[in-house]
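*Asks:* This one is entry.cif, mmCIF, C-alpha atoms and all ligand atoms.
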data_query
#
loop_
_atom_site.group_PDB
_atom_site.id
_atom_site.type_symbol
_atom_site.label_atom_id
_atom_site.label_comp_id
_atom_site.auth_asym_id
_atom_site.auth_seq_id
_atom_site.Cartn_x
_atom_site.Cartn_y
_atom_site.Cartn_z
ATOM 1 C CA ALA A 1 0.000 0.000 0.000
ATOM 2 C CA THR A 2 1.116 3.557 -0.633
ATOM 3 C CA PRO A 3 1.719 5.903 2.311
ATOM 4 C CA THR A 4 -1.411 7.729 1.185
ATOM 5 C CA ALA A 5 -3.495 4.551 1.350
ATOM 6 C CA VAL A 6 -2.212 3.907 4.873
ATOM 7 C CA MET A 7 -3.078 7.456 5.882
ATOM 8 C CA VAL A 8 -6.557 7.028 4.446
ATOM 9 C CA GLY A 9 -6.922 3.703 6.241
ATOM 10 C CA THR A 10 -5.927 5.056 9.655
ATOM 11 C CA GLY A 11 -8.130 8.096 9.002
ATOM 12 C CA VAL A 12 -11.174 5.959 8.250
ATOM 13 C CA GLY A 13 -10.378 3.899 11.366
ATOM 14 C CA ALA A 14 -10.218 7.020 13.531
ATOM 15 C CA SER A 15 -13.548 8.255 12.185
ATOM 16 C CA GLN A 16 -15.085 4.936 13.257
ATOM 17 C CA GLY A 17 -13.514 4.981 16.695
ATOM 18 C CA VAL A 18 -10.717 2.550 15.849
ATOM 19 C CA LEU A 19 -7.446 4.238 16.720
ATOM 20 C CA ILE A 20 -4.544 2.706 14.804
ATOM 21 C CA LYS A 21 -1.100 3.752 15.980
ATOM 22 C CA GLY A 22 0.885 3.683 12.751
ATOM 23 C CA GLY A 23 1.065 1.865 9.444
ATOM 24 C CA GLN A 24 2.677 -1.282 10.812
ATOM 25 C CA ALA A 25 -0.300 -2.123 12.998
ATOM 26 C CA LEU A 26 -2.663 -1.537 10.080
ATOM 27 C CA GLU A 27 -0.534 -3.764 7.865
ATOM 28 C CA LYS A 28 -0.283 -6.651 10.297
ATOM 29 C CA ALA A 29 -3.967 -6.723 11.222
ATOM 30 C CA HIS A 30 -5.091 -8.482 8.030
ATOM 31 C CA MET A 31 -2.599 -11.314 8.592
ATOM 32 C CA VAL A 32 -3.970 -12.186 12.029
ATOM 33 C CA ASN A 33 -5.323 -15.746 12.216
ATOM 34 C CA CYS A 34 -5.596 -16.144 15.952
ATOM 35 C CA ILE A 35 -6.964 -13.781 18.604
ATOM 36 C CA VAL A 36 -6.402 -14.021 22.343
ATOM 37 C CA PHE A 37 -9.108 -12.338 24.430
ATOM 38 C CA ASP A 38 -8.896 -11.355 28.079
ATOM 39 C CA LYS A 39 -12.132 -12.092 29.948
ATOM 40 C CA THR A 40 -12.879 -9.452 32.593
ATOM 41 C CA GLY A 41 -13.534 -6.032 31.069
ATOM 42 C CA THR A 42 -12.846 -7.319 27.561
ATOM 43 C CA LEU A 43 -15.441 -10.028 26.815
ATOM 44 C CA THR A 44 -17.464 -9.029 29.861
ATOM 45 C CA MET A 45 -18.766 -5.569 30.727
ATOM 46 C CA GLY A 46 -16.105 -5.158 33.401
ATOM 47 C CA LYS A 47 -18.783 -3.683 35.659
ATOM 48 C CA PRO A 48 -19.306 -6.534 38.069
ATOM 49 C CA VAL A 49 -21.931 -6.473 40.804
ATOM 50 C CA VAL A 50 -22.162 -8.415 44.042
ATOM 51 C CA VAL A 51 -25.227 -10.646 43.742
ATOM 52 C CA LYS A 52 -24.916 -12.757 46.881
ATOM 53 C CA THR A 53 -23.227 -12.804 50.276
ATOM 54 C CA LYS A 54 -22.938 -15.779 52.574
ATOM 55 C CA MET A 55 -21.719 -15.300 56.140
ATOM 56 C CA LEU A 56 -19.893 -18.179 57.783
ATOM 57 C CA LYS A 57 -19.207 -16.467 61.095
ATOM 58 C CA ASN A 58 -21.377 -14.571 63.502
ATOM 59 C CA MET A 59 -20.906 -11.016 62.245
ATOM 60 C CA THR A 60 -23.411 -8.482 60.892
ATOM 61 C CA LEU A 61 -23.279 -7.618 57.198
ATOM 62 C CA GLY A 62 -22.534 -4.019 58.215
ATOM 63 C CA GLU A 63 -19.457 -5.011 60.234
ATOM 64 C CA PHE A 64 -18.367 -7.496 57.587
ATOM 65 C CA TYR A 65 -18.618 -5.076 54.669
ATOM 66 C CA GLU A 66 -16.888 -2.316 56.624
ATOM 67 C CA LEU A 67 -13.781 -4.491 56.991
ATOM 68 C CA VAL A 68 -13.982 -5.711 53.395
ATOM 69 C CA ALA A 69 -14.498 -2.235 51.883
ATOM 70 C CA ALA A 70 -11.740 -0.643 53.992
ATOM 71 C CA THR A 71 -9.415 -3.187 52.385
ATOM 72 C CA GLU A 72 -10.750 -3.142 48.800
ATOM 73 C CA VAL A 73 -10.994 0.661 48.564
ATOM 74 C CA ASN A 74 -7.211 0.578 48.059
ATOM 75 C CA SER A 75 -7.452 -1.682 44.992
ATOM 76 C CA GLU A 76 -8.046 -0.625 41.366
ATOM 77 C CA HIS A 77 -9.428 -4.009 40.363
ATOM 78 C CA PRO A 78 -12.971 -4.011 38.878
ATOM 79 C CA LEU A 79 -13.950 -6.632 41.461
ATOM 80 C CA ALA A 80 -12.795 -4.278 44.227
ATOM 81 C CA LYS A 81 -14.971 -1.462 42.848
ATOM 82 C CA ALA A 82 -17.985 -3.794 42.794
ATOM 83 C CA ILE A 83 -17.413 -4.848 46.379
ATOM 84 C CA VAL A 84 -16.940 -1.293 47.693
ATOM 85 C CA ASN A 85 -20.089 -0.169 45.870
ATOM 86 C CA HIS A 86 -22.081 -2.973 47.422
ATOM 87 C CA ALA A 87 -20.623 -2.253 50.860
ATOM 88 C CA LYS A 88 -21.963 1.319 50.712
ATOM 89 C CA GLU A 89 -25.495 -0.042 50.990
ATOM 90 C CA PHE A 90 -24.746 -0.990 54.579
ATOM 91 C CA ARG A 91 -23.420 2.473 55.460
ATOM 92 C CA ASP A 92 -25.452 5.228 57.154
ATOM 93 C CA ASP A 93 -24.003 7.943 54.930
ATOM 94 C CA GLN A 94 -23.779 6.329 51.513
ATOM 95 C CA GLU A 95 -22.459 9.506 49.845
ATOM 96 C CA ASN A 96 -19.575 9.648 52.258
ATOM 97 C CA PRO A 97 -19.001 6.135 53.603
ATOM 98 C CA ALA A 98 -15.715 7.088 55.396
ATOM 99 C CA TRP A 99 -14.165 3.637 55.645
ATOM 100 C CA PRO A 100 -11.812 2.970 58.531
ATOM 101 C CA GLN A 101 -8.101 3.260 57.832
ATOM 102 C CA ALA A 102 -6.370 0.192 56.420
ATOM 103 C CA ARG A 103 -2.720 -0.452 57.241
ATOM 104 C CA ASP A 104 -0.145 -2.589 55.389
ATOM 105 C CA PHE A 105 -2.299 -2.836 52.258
ATOM 106 C CA LEU A 106 -0.970 -5.416 49.833
ATOM 107 C CA SER A 107 -2.298 -6.281 46.391
ATOM 108 C CA ILE A 108 -1.428 -9.803 45.327
ATOM 109 C CA THR A 109 -1.783 -9.730 41.531
ATOM 110 C CA GLY A 110 -4.222 -12.312 40.235
ATOM 111 C CA ASN A 111 -5.162 -13.470 43.737
ATOM 112 C CA GLY A 112 -6.617 -10.646 45.787
ATOM 113 C CA VAL A 113 -5.821 -8.138 48.515
ATOM 114 C CA LYS A 114 -4.725 -8.053 52.141
ATOM 115 C CA ALA A 115 -4.656 -5.340 54.823
ATOM 116 C CA THR A 116 -5.019 -4.705 58.528
ATOM 117 C CA VAL A 117 -8.264 -2.974 59.518
ATOM 118 C CA LYS A 118 -9.236 -2.196 63.127
ATOM 119 C CA GLY A 119 -6.420 -4.441 64.285
ATOM 120 C CA ARG A 120 -7.630 -7.413 62.274
ATOM 121 C CA GLU A 121 -6.003 -8.962 59.233
ATOM 122 C CA ILE A 122 -8.434 -8.980 56.319
ATOM 123 C CA MET A 123 -7.916 -10.918 53.089
ATOM 124 C CA VAL A 124 -10.236 -10.793 50.075
ATOM 125 C CA GLY A 125 -9.582 -12.991 47.066
ATOM 126 C CA ASN A 126 -9.553 -16.442 45.563
ATOM 127 C CA LYS A 127 -8.817 -19.912 46.911
ATOM 128 C CA ASP A 128 -5.130 -19.553 46.076
ATOM 129 C CA LEU A 129 -4.844 -16.493 48.290
ATOM 130 C CA MET A 130 -6.433 -18.392 51.162
ATOM 131 C CA SER A 131 -4.362 -21.544 50.792
ATOM 132 C CA GLN A 132 -1.143 -19.499 50.473
ATOM 133 C CA HIS A 133 -1.931 -18.095 53.919
ATOM 134 C CA GLY A 134 -3.093 -21.325 55.511
ATOM 135 C CA VAL A 135 -6.797 -20.411 55.677
ATOM 136 C CA ASN A 136 -9.038 -23.465 55.811
ATOM 137 C CA ILE A 137 -11.984 -23.468 53.382
ATOM 138 C CA PRO A 138 -15.017 -25.207 54.897
ATOM 139 C CA GLU A 139 -17.438 -27.363 52.911
ATOM 140 C CA ASP A 140 -20.266 -24.778 52.723
ATOM 141 C CA ALA A 141 -17.844 -22.220 51.259
ATOM 142 C CA GLU A 142 -16.714 -24.746 48.641
ATOM 143 C CA GLU A 143 -20.362 -25.356 47.767
ATOM 144 C CA MET A 144 -21.057 -21.682 47.289
ATOM 145 C CA LEU A 145 -17.950 -21.308 45.107
ATOM 146 C CA ALA A 146 -19.072 -24.196 42.900
ATOM 147 C CA GLU A 147 -22.588 -22.755 42.634
ATOM 148 C CA ALA A 148 -21.226 -19.336 41.607
ATOM 149 C CA GLU A 149 -18.948 -20.875 38.973
ATOM 150 C CA GLU A 150 -21.826 -22.827 37.449
ATOM 151 C CA ARG A 151 -23.658 -19.529 36.976
ATOM 152 C CA ALA A 152 -20.590 -17.939 35.337
ATOM 153 C CA GLN A 153 -20.132 -15.785 38.455
ATOM 154 C CA THR A 154 -16.907 -15.301 40.386
ATOM 155 C CA GLY A 155 -16.851 -16.458 43.991
ATOM 156 C CA ILE A 156 -14.697 -14.375 46.328
ATOM 157 C CA LEU A 157 -13.538 -15.447 49.762
ATOM 158 C CA VAL A 158 -13.049 -13.212 52.787
ATOM 159 C CA SER A 159 -10.948 -14.118 55.805
ATOM 160 C CA VAL A 160 -10.629 -12.272 59.106
ATOM 161 C CA ASN A 161 -7.551 -13.194 61.149
ATOM 162 C CA ARG A 162 -7.059 -16.207 58.849
ATOM 163 C CA GLU A 163 -10.553 -17.552 59.480
ATOM 164 C CA LEU A 164 -12.925 -17.817 56.537
ATOM 165 C CA THR A 165 -15.730 -15.392 57.397
ATOM 166 C CA GLY A 166 -17.763 -14.844 54.254
ATOM 167 C CA VAL A 167 -18.182 -15.690 50.590
ATOM 168 C CA LEU A 168 -19.383 -13.283 47.885
ATOM 169 C CA ALA A 169 -20.672 -14.028 44.424
ATOM 170 C CA VAL A 170 -19.980 -11.410 41.766
ATOM 171 C CA SER A 171 -21.650 -11.311 38.375
ATOM 172 C CA ASP A 172 -20.102 -9.635 35.342
ATOM 173 C CA PRO A 173 -22.298 -10.134 32.262
ATOM 174 C CA LEU A 174 -21.001 -10.502 28.714
ATOM 175 C CA LYS A 175 -20.780 -7.432 26.487
ATOM 176 C CA PRO A 176 -23.652 -7.389 23.992
ATOM 177 C CA SER A 177 -21.076 -7.360 21.151
ATOM 178 C CA ALA A 178 -19.070 -10.364 22.380
ATOM 179 C CA ARG A 179 -21.021 -13.303 20.921
ATOM 180 C CA ALA A 180 -21.445 -11.712 17.509
ATOM 181 C CA ALA A 181 -17.765 -10.772 17.286
ATOM 182 C CA ILE A 182 -16.592 -14.297 18.108
ATOM 183 C CA SER A 183 -19.028 -15.828 15.641
ATOM 184 C CA VAL A 184 -17.970 -13.499 12.780
ATOM 185 C CA LEU A 185 -14.292 -14.213 13.519
ATOM 186 C CA LYS A 186 -15.039 -17.934 13.311
ATOM 187 C CA SER A 187 -16.604 -17.442 9.875
ATOM 188 C CA MET A 188 -13.413 -15.602 8.847
ATOM 189 C CA ASN A 189 -11.354 -18.627 9.951
ATOM 190 C CA ILE A 190 -9.801 -16.681 12.810
ATOM 191 C CA ALA A 191 -9.469 -18.709 16.008
ATOM 192 C CA SER A 192 -10.434 -17.175 19.360
ATOM 193 C CA ILE A 193 -8.849 -18.067 22.678
ATOM 194 C CA MET A 194 -9.781 -16.750 26.115
ATOM 195 C CA VAL A 195 -7.147 -16.114 28.803
ATOM 196 C CA THR A 196 -8.073 -15.019 32.287
ATOM 197 C CA GLY A 197 -6.823 -14.782 35.841
ATOM 198 C CA ASP A 198 -10.244 -15.977 37.000
ATOM 199 C CA ASN A 199 -10.812 -19.603 38.040
ATOM 200 C CA TRP A 200 -11.429 -22.490 35.606
ATOM 201 C CA GLY A 201 -15.089 -23.043 36.485
ATOM 202 C CA THR A 202 -16.168 -19.445 35.879
ATOM 203 C CA ALA A 203 -13.881 -19.150 32.844
ATOM 204 C CA ASN A 204 -15.369 -22.246 31.196
ATOM 205 C CA ALA A 205 -18.928 -21.060 31.856
ATOM 206 C CA ILE A 206 -18.226 -17.637 30.287
ATOM 207 C CA ALA A 207 -16.424 -19.242 27.331
ATOM 208 C CA ARG A 208 -19.452 -21.446 26.684
ATOM 209 C CA GLU A 209 -21.761 -18.402 26.751
ATOM 210 C CA VAL A 210 -19.607 -16.433 24.323
ATOM 211 C CA GLY A 211 -18.843 -19.333 21.972
ATOM 212 C CA ILE A 212 -15.106 -19.759 22.578
ATOM 213 C CA ASP A 213 -13.831 -23.308 22.903
ATOM 214 C CA SER A 214 -10.229 -22.681 23.867
ATOM 215 C CA VAL A 215 -9.607 -21.408 27.402
ATOM 216 C CA MET A 216 -6.650 -20.706 29.661
ATOM 217 C CA ALA A 217 -7.724 -19.827 33.216
ATOM 218 C CA GLU A 218 -5.873 -18.909 36.428
ATOM 219 C CA ALA A 219 -3.292 -17.195 34.237
ATOM 220 C CA LYS A 220 -0.841 -14.674 35.696
ATOM 221 C CA PRO A 221 0.079 -11.650 33.494
ATOM 222 C CA LYS A 222 3.354 -13.335 32.504
ATOM 223 C CA GLN A 223 1.497 -16.486 31.462
ATOM 224 C CA LYS A 224 -0.880 -14.488 29.251
ATOM 225 C CA ALA A 225 2.172 -13.177 27.370
ATOM 226 C CA GLU A 226 3.688 -16.661 27.241
ATOM 227 C CA LYS A 227 0.471 -17.982 25.679
ATOM 228 C CA VAL A 228 0.766 -15.358 22.933
ATOM 229 C CA LYS A 229 4.408 -16.324 22.288
ATOM 230 C CA GLU A 230 3.527 -20.017 22.240
ATOM 231 C CA LEU A 231 0.909 -19.399 19.528
ATOM 232 C CA GLN A 232 3.409 -17.337 17.551
ATOM 233 C CA ALA A 233 5.987 -20.117 17.810
ATOM 234 C CA ALA A 234 3.366 -22.469 16.352
ATOM 235 C CA GLY A 235 3.221 -20.195 13.295
ATOM 236 C CA HIS A 236 0.197 -18.030 14.092
ATOM 237 C CA VAL A 237 -0.065 -14.305 13.617
ATOM 238 C CA VAL A 238 -1.574 -13.330 16.939
ATOM 239 C CA ALA A 239 -3.678 -10.407 18.098
ATOM 240 C CA MET A 240 -4.322 -9.846 21.792
ATOM 241 C CA VAL A 241 -7.369 -7.948 23.032
ATOM 242 C CA GLY A 242 -7.274 -6.699 26.619
ATOM 243 C CA ASP A 243 -8.115 -3.898 29.007
ATOM 244 C CA GLY A 244 -6.077 -4.358 32.171
ATOM 245 C CA ILE A 245 -2.631 -3.716 33.596
ATOM 246 C CA ASN A 246 -2.351 -7.491 33.733
ATOM 247 C CA ASP A 247 -2.804 -7.666 29.934
ATOM 248 C CA ALA A 248 0.006 -5.224 29.099
ATOM 249 C CA PRO A 249 2.796 -7.831 28.708
ATOM 250 C CA ALA A 250 0.592 -9.887 26.338
ATOM 251 C CA LEU A 251 -0.449 -6.765 24.371
ATOM 252 C CA VAL A 252 3.243 -5.979 23.828
ATOM 253 C CA ALA A 253 4.115 -9.575 22.907
ATOM 254 C CA ALA A 254 1.310 -9.894 20.334
ATOM 255 C CA ASP A 255 1.763 -9.102 16.631
ATOM 256 C CA VAL A 256 -1.166 -6.743 17.052
ATOM 257 C CA GLY A 257 -2.086 -5.510 20.538
ATOM 258 C CA ILE A 258 -5.650 -4.229 20.770
ATOM 259 C CA ALA A 259 -6.819 -2.315 23.853
ATOM 260 C CA ILE A 260 -10.353 -1.632 24.980
ATOM 261 C CA GLY A 261 -10.859 2.160 25.071
ATOM 262 C CA ALA A 262 -12.534 2.000 28.464
ATOM 263 C CA GLY A 263 -9.550 0.062 29.810
ATOM 264 C CA THR A 264 -6.585 1.159 31.895
ATOM 265 C CA ASP A 265 -4.034 3.695 30.588
ATOM 266 C CA ILE A 266 -1.292 1.090 30.798
ATOM 267 C CA ALA A 267 -3.135 -1.267 28.434
ATOM 268 C CA ILE A 268 -3.918 1.596 26.026
ATOM 269 C CA GLU A 269 -0.250 2.612 25.958
ATOM 270 C CA ALA A 270 0.913 -0.970 25.404
ATOM 271 C CA ALA A 271 -1.450 -1.535 22.453
ATOM 272 C CA ASP A 272 -1.119 -0.837 18.698
ATOM 273 C CA ILE A 273 -4.840 -0.347 18.192
ATOM 274 C CA VAL A 274 -7.418 1.131 20.588
ATOM 275 C CA LEU A 275 -11.147 0.406 20.306
ATOM 276 C CA MET A 276 -12.523 3.761 21.431
ATOM 277 C CA LYS A 277 -16.118 2.508 21.609
ATOM 278 C CA SER A 278 -15.047 -0.597 23.577
ATOM 279 C CA ASN A 279 -17.146 -2.581 21.103
ATOM 280 C CA LEU A 280 -15.684 -5.995 20.264
ATOM 281 C CA GLU A 281 -17.107 -5.938 16.741
ATOM 282 C CA ASP A 282 -14.537 -3.206 16.054
ATOM 283 C CA VAL A 283 -11.859 -5.924 16.130
ATOM 284 C CA ILE A 284 -13.407 -6.954 12.819
ATOM 285 C CA THR A 285 -13.609 -3.317 11.674
ATOM 286 C CA ALA A 286 -9.824 -3.084 12.179
ATOM 287 C CA ILE A 287 -9.119 -6.313 10.291
ATOM 288 C CA ASP A 288 -11.431 -5.295 7.416
ATOM 289 C CA LEU A 289 -9.770 -1.919 7.181
ATOM 290 C CA SER A 290 -6.375 -3.579 6.988
ATOM 291 C CA ARG A 291 -7.587 -6.002 4.312
ATOM 292 C CA LYS A 292 -9.003 -3.194 2.207
ATOM 293 C CA THR A 293 -5.917 -1.012 2.589
ATOM 294 C CA PHE A 294 -3.448 -3.759 1.749
ATOM 295 C CA SER A 295 -5.302 -5.408 -1.108
ATOM 296 C CA ARG A 296 -6.113 -2.157 -2.884
ATOM 297 C CA ILE A 297 -2.475 -1.989 -4.022
ATOM 298 C CA ARG A 298 -1.917 -1.299 -7.745
HETATM 299 P P1 LIG B 301 -8.749 -11.201 34.749
HETATM 300 O O1 LIG B 301 -7.597 -11.768 33.987
HETATM 301 O O2 LIG B 301 -9.997 -11.962 34.451
HETATM 302 O O3 LIG B 301 -8.936 -9.714 34.467
HETATM 303 P P2 LIG B 301 -7.280 -11.013 37.353
HETATM 304 O O4 LIG B 301 -6.005 -11.697 36.984
HETATM 305 O O5 LIG B 301 -7.218 -9.540 37.496
HETATM 306 O O6 LIG B 301 -8.492 -11.432 36.344
HETATM 307 O O7 LIG B 301 -7.791 -11.622 38.758
HETATM 308 C C1 LIG B 301 -7.859 -13.011 38.953
HETATM 309 C C2 LIG B 301 -8.631 -13.383 40.196
HETATM 310 O O8 LIG B 301 -7.945 -12.886 41.382
HETATM 311 C C3 LIG B 301 -10.011 -12.778 40.285
HETATM 312 O O9 LIG B 301 -10.949 -13.556 39.588
HETATM 313 C C4 LIG B 301 -10.265 -12.778 41.796
HETATM 314 O O10 LIG B 301 -10.667 -14.046 42.231
HETATM 315 C C5 LIG B 301 -8.889 -12.484 42.366
HETATM 316 N N1 LIG B 301 -8.709 -11.037 42.621
HETATM 317 C C6 LIG B 301 -7.832 -10.208 42.005
HETATM 318 N N2 LIG B 301 -7.901 -8.965 42.505
HETATM 319 C C7 LIG B 301 -8.854 -8.979 43.466
HETATM 320 C C8 LIG B 301 -9.410 -7.997 44.363
HETATM 321 N N3 LIG B 301 -9.002 -6.724 44.398
HETATM 322 N N4 LIG B 301 -10.380 -8.403 45.215
HETATM 323 C C9 LIG B 301 -10.816 -9.676 45.215
HETATM 324 N N5 LIG B 301 -10.349 -10.638 44.409
HETATM 325 C C10 LIG B 301 -9.372 -10.314 43.549
HETATM 326 MG MG MG B 302 -9.361 -7.623 32.205
#
Written as structure tokens, how would this file's structure read?

*Replies:*
Amino acid sequence: ATPTAVMVGTGVGASQGVLIKGGQALEKAHMVNCIVFDKTGTLTMGKPVVVKTKMLKNMTLGEFYELVAATEVNSEHPLAKAIVNHAKEFRDDQENPAWPQARDFLSITGNGVKATVKGREIMVGNKDLMSQHGVNIPEDAEEMLAEAEERAQTGILVSVNRELTGVLAVSDPLKPSARAAISVLKSMNIASIMVTGDNWGTANAIAREVGIDSVMAEAKPKQKAEKVKELQAAGHVVAMVGDGINDAPALVAADVGIAIGAGTDIAIEAADIVLMKSNLEDVITAIDLSRKTFSRIR
């Protein structure tokens, strides 16, 4: 393609809300035959809501959510935002919930968070987080986790002083554009793969809903990037679509990194293409634009 054609192509992209950072990204997009999708915030809305709480210890919901929110208010994770929002409902002044001070806040990437609130150690996260800290998970908590996973929800565990105190179920529905995008890609002979830090049960349930049959769950940021490299080594031209800090290494590793416009700044910076409308069908817009630009030659 001529430099003019590339300029026209990126211009058309921009007018449709598909920001293409340079000619190389536009050129590579039409060669992509394999796309890796992040789950949370990419295939799903990324606006999770708490739909259920189960208490395992004798504590009021108000007390419980005060400890949980004081911890999670320090986290940028979409799950943390959902939990803090829900916790406000148990607060007298919902406009100004004024959570107690948390000390020694620690974010354990891909597992959860930990802090000391009112002299008690609070942990909020997945099973891994609990087992790493020697917290026993009773049978009724396991049951609730399994039930959440079956419904494509994420179960989150809360411990107070290393005792499992409550379980939350969080629901994050699919984006309306997700199913259609995956189905069109399939008809274009482009394979879709989902990678996520979430657990296998929830990941498989979401994948089934969206129509993806290849899944990698419980993946750390480094493993997402390794998955991309593995596909490249097998001869694929790989695009990665993601929204989070934890997707940045994979976005950089991919032949074409595609960030969701509503995502984090770090993902947007790491990507070659940004979907300003956060609509997954614009992955196809980008590929089409690349095809048109690079087949119009001579
Ligand atoms: P994804 O790849 O789907 O965006 P992450 O790698 O960010 O997911 O997180 C993986 C899992 O770690 C979550 O499903 C959750 O169980 C746990 N987790 C991470 N951060 C938090 C948090 N702030 N609060 C509670 N749980 C968390
Ligand atoms: Mg994400």

*Asks:* Output as a tab-separated table one row per residue of chain A within 9 Å of ligand MG 302 (chain B): the closest atom pair and its distance in Å to one decimal place, counting all atoms listed in the file, sorted by chain and residue number ascending.

*Replies:*
residue	atom	partner	partner_atom	distance
A:Asp38	CA	B:MG302	MG	5.6
A:Lys39	CA	B:MG302	MG	5.7
A:Thr40	CA	B:MG302	MG	4.0
A:Gly41	CA	B:MG302	MG	4.6
A:Thr42	CA	B:MG302	MG	5.8
A:Leu43	CA	B:MG302	MG	8.5
A:Thr44	CA	B:MG302	MG	8.6
A:Gly46	CA	B:MG302	MG	7.3
A:His77	CA	B:MG302	MG	8.9
A:Pro78	CA	B:MG302	MG	8.4
A:Thr196	CA	B:MG302	MG	7.5
A:Gly197	CA	B:MG302	MG	8.4
A:Gly242	CA	B:MG302	MG	6.0
A:Asp243	CA	B:MG302	MG	5.1
A:Gly244	CA	B:MG302	MG	4.6
A:Ile245	CA	B:MG302	MG	7.9
A:Asn246	CA	B:MG302	MG	7.2
A:Asp247	CA	B:MG302	MG	6.9
A:Gly263	CA	B:MG302	MG	8.1

*Asks:* Could you work out an axis-aligned bounding box for all listed atoms of ligand LIG 301 (chain B), with 6 Å added on each of the six sides, and give its centre and edge lengths in Å to one decimal, as JSON?

*Replies:*
{"center_x": -8.5, "center_y": -10.4, "center_z": 39.6, "size_x": 16.9, "size_y": 19.3, "size_z": 23.2}

*Asks:* Could you tell me how far atom CA of A:Lys224 sits from atom CA of A:Glu269, in Å to one decimal place?

*Replies:*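 Atom-to-atom, atom CA of A:Glu269 to atom CA of A:Lys224, that is 17.4 Å.
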
*Asks:* So what does the PyMOL selection byres (((chain A and resi 11-24) around 8) and not hetatm) actually pick up in this one, as a list in words?

*Replies:*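 Applying the expression gives Val6, Met7, Val8, Gly9, Thr10, Ala25, Leu26, Glu27, Lys28, Asp272, Ile273, Val274, Leu275, Met276, Lys277, Asp282, Thr285, Ala286 and Leu289 of chain A.
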
*Asks:* I want to know what sits within 8 Å of stretch 88-99 of chain A, based on all atoms listed in the file, with residues of the same chain fewer than 4 positions away left out; could you give that as a list in words?

*Replies:*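 Surrounding residues, per the criterion: Leu61, Gly62, Tyr65, Glu66, Ala69, Ala70 and Val84 of chain A.
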
*Asks:* For ligand LIG 301 (chain B), which of A:His86, A:Val124, A:Val68, A:Ala102 is the closest residue, counting only C-alpha atoms and all ligand atoms?

*Replies:*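 Of all the options, A:Val124 lies closest to ligand LIG 301 (chain B).
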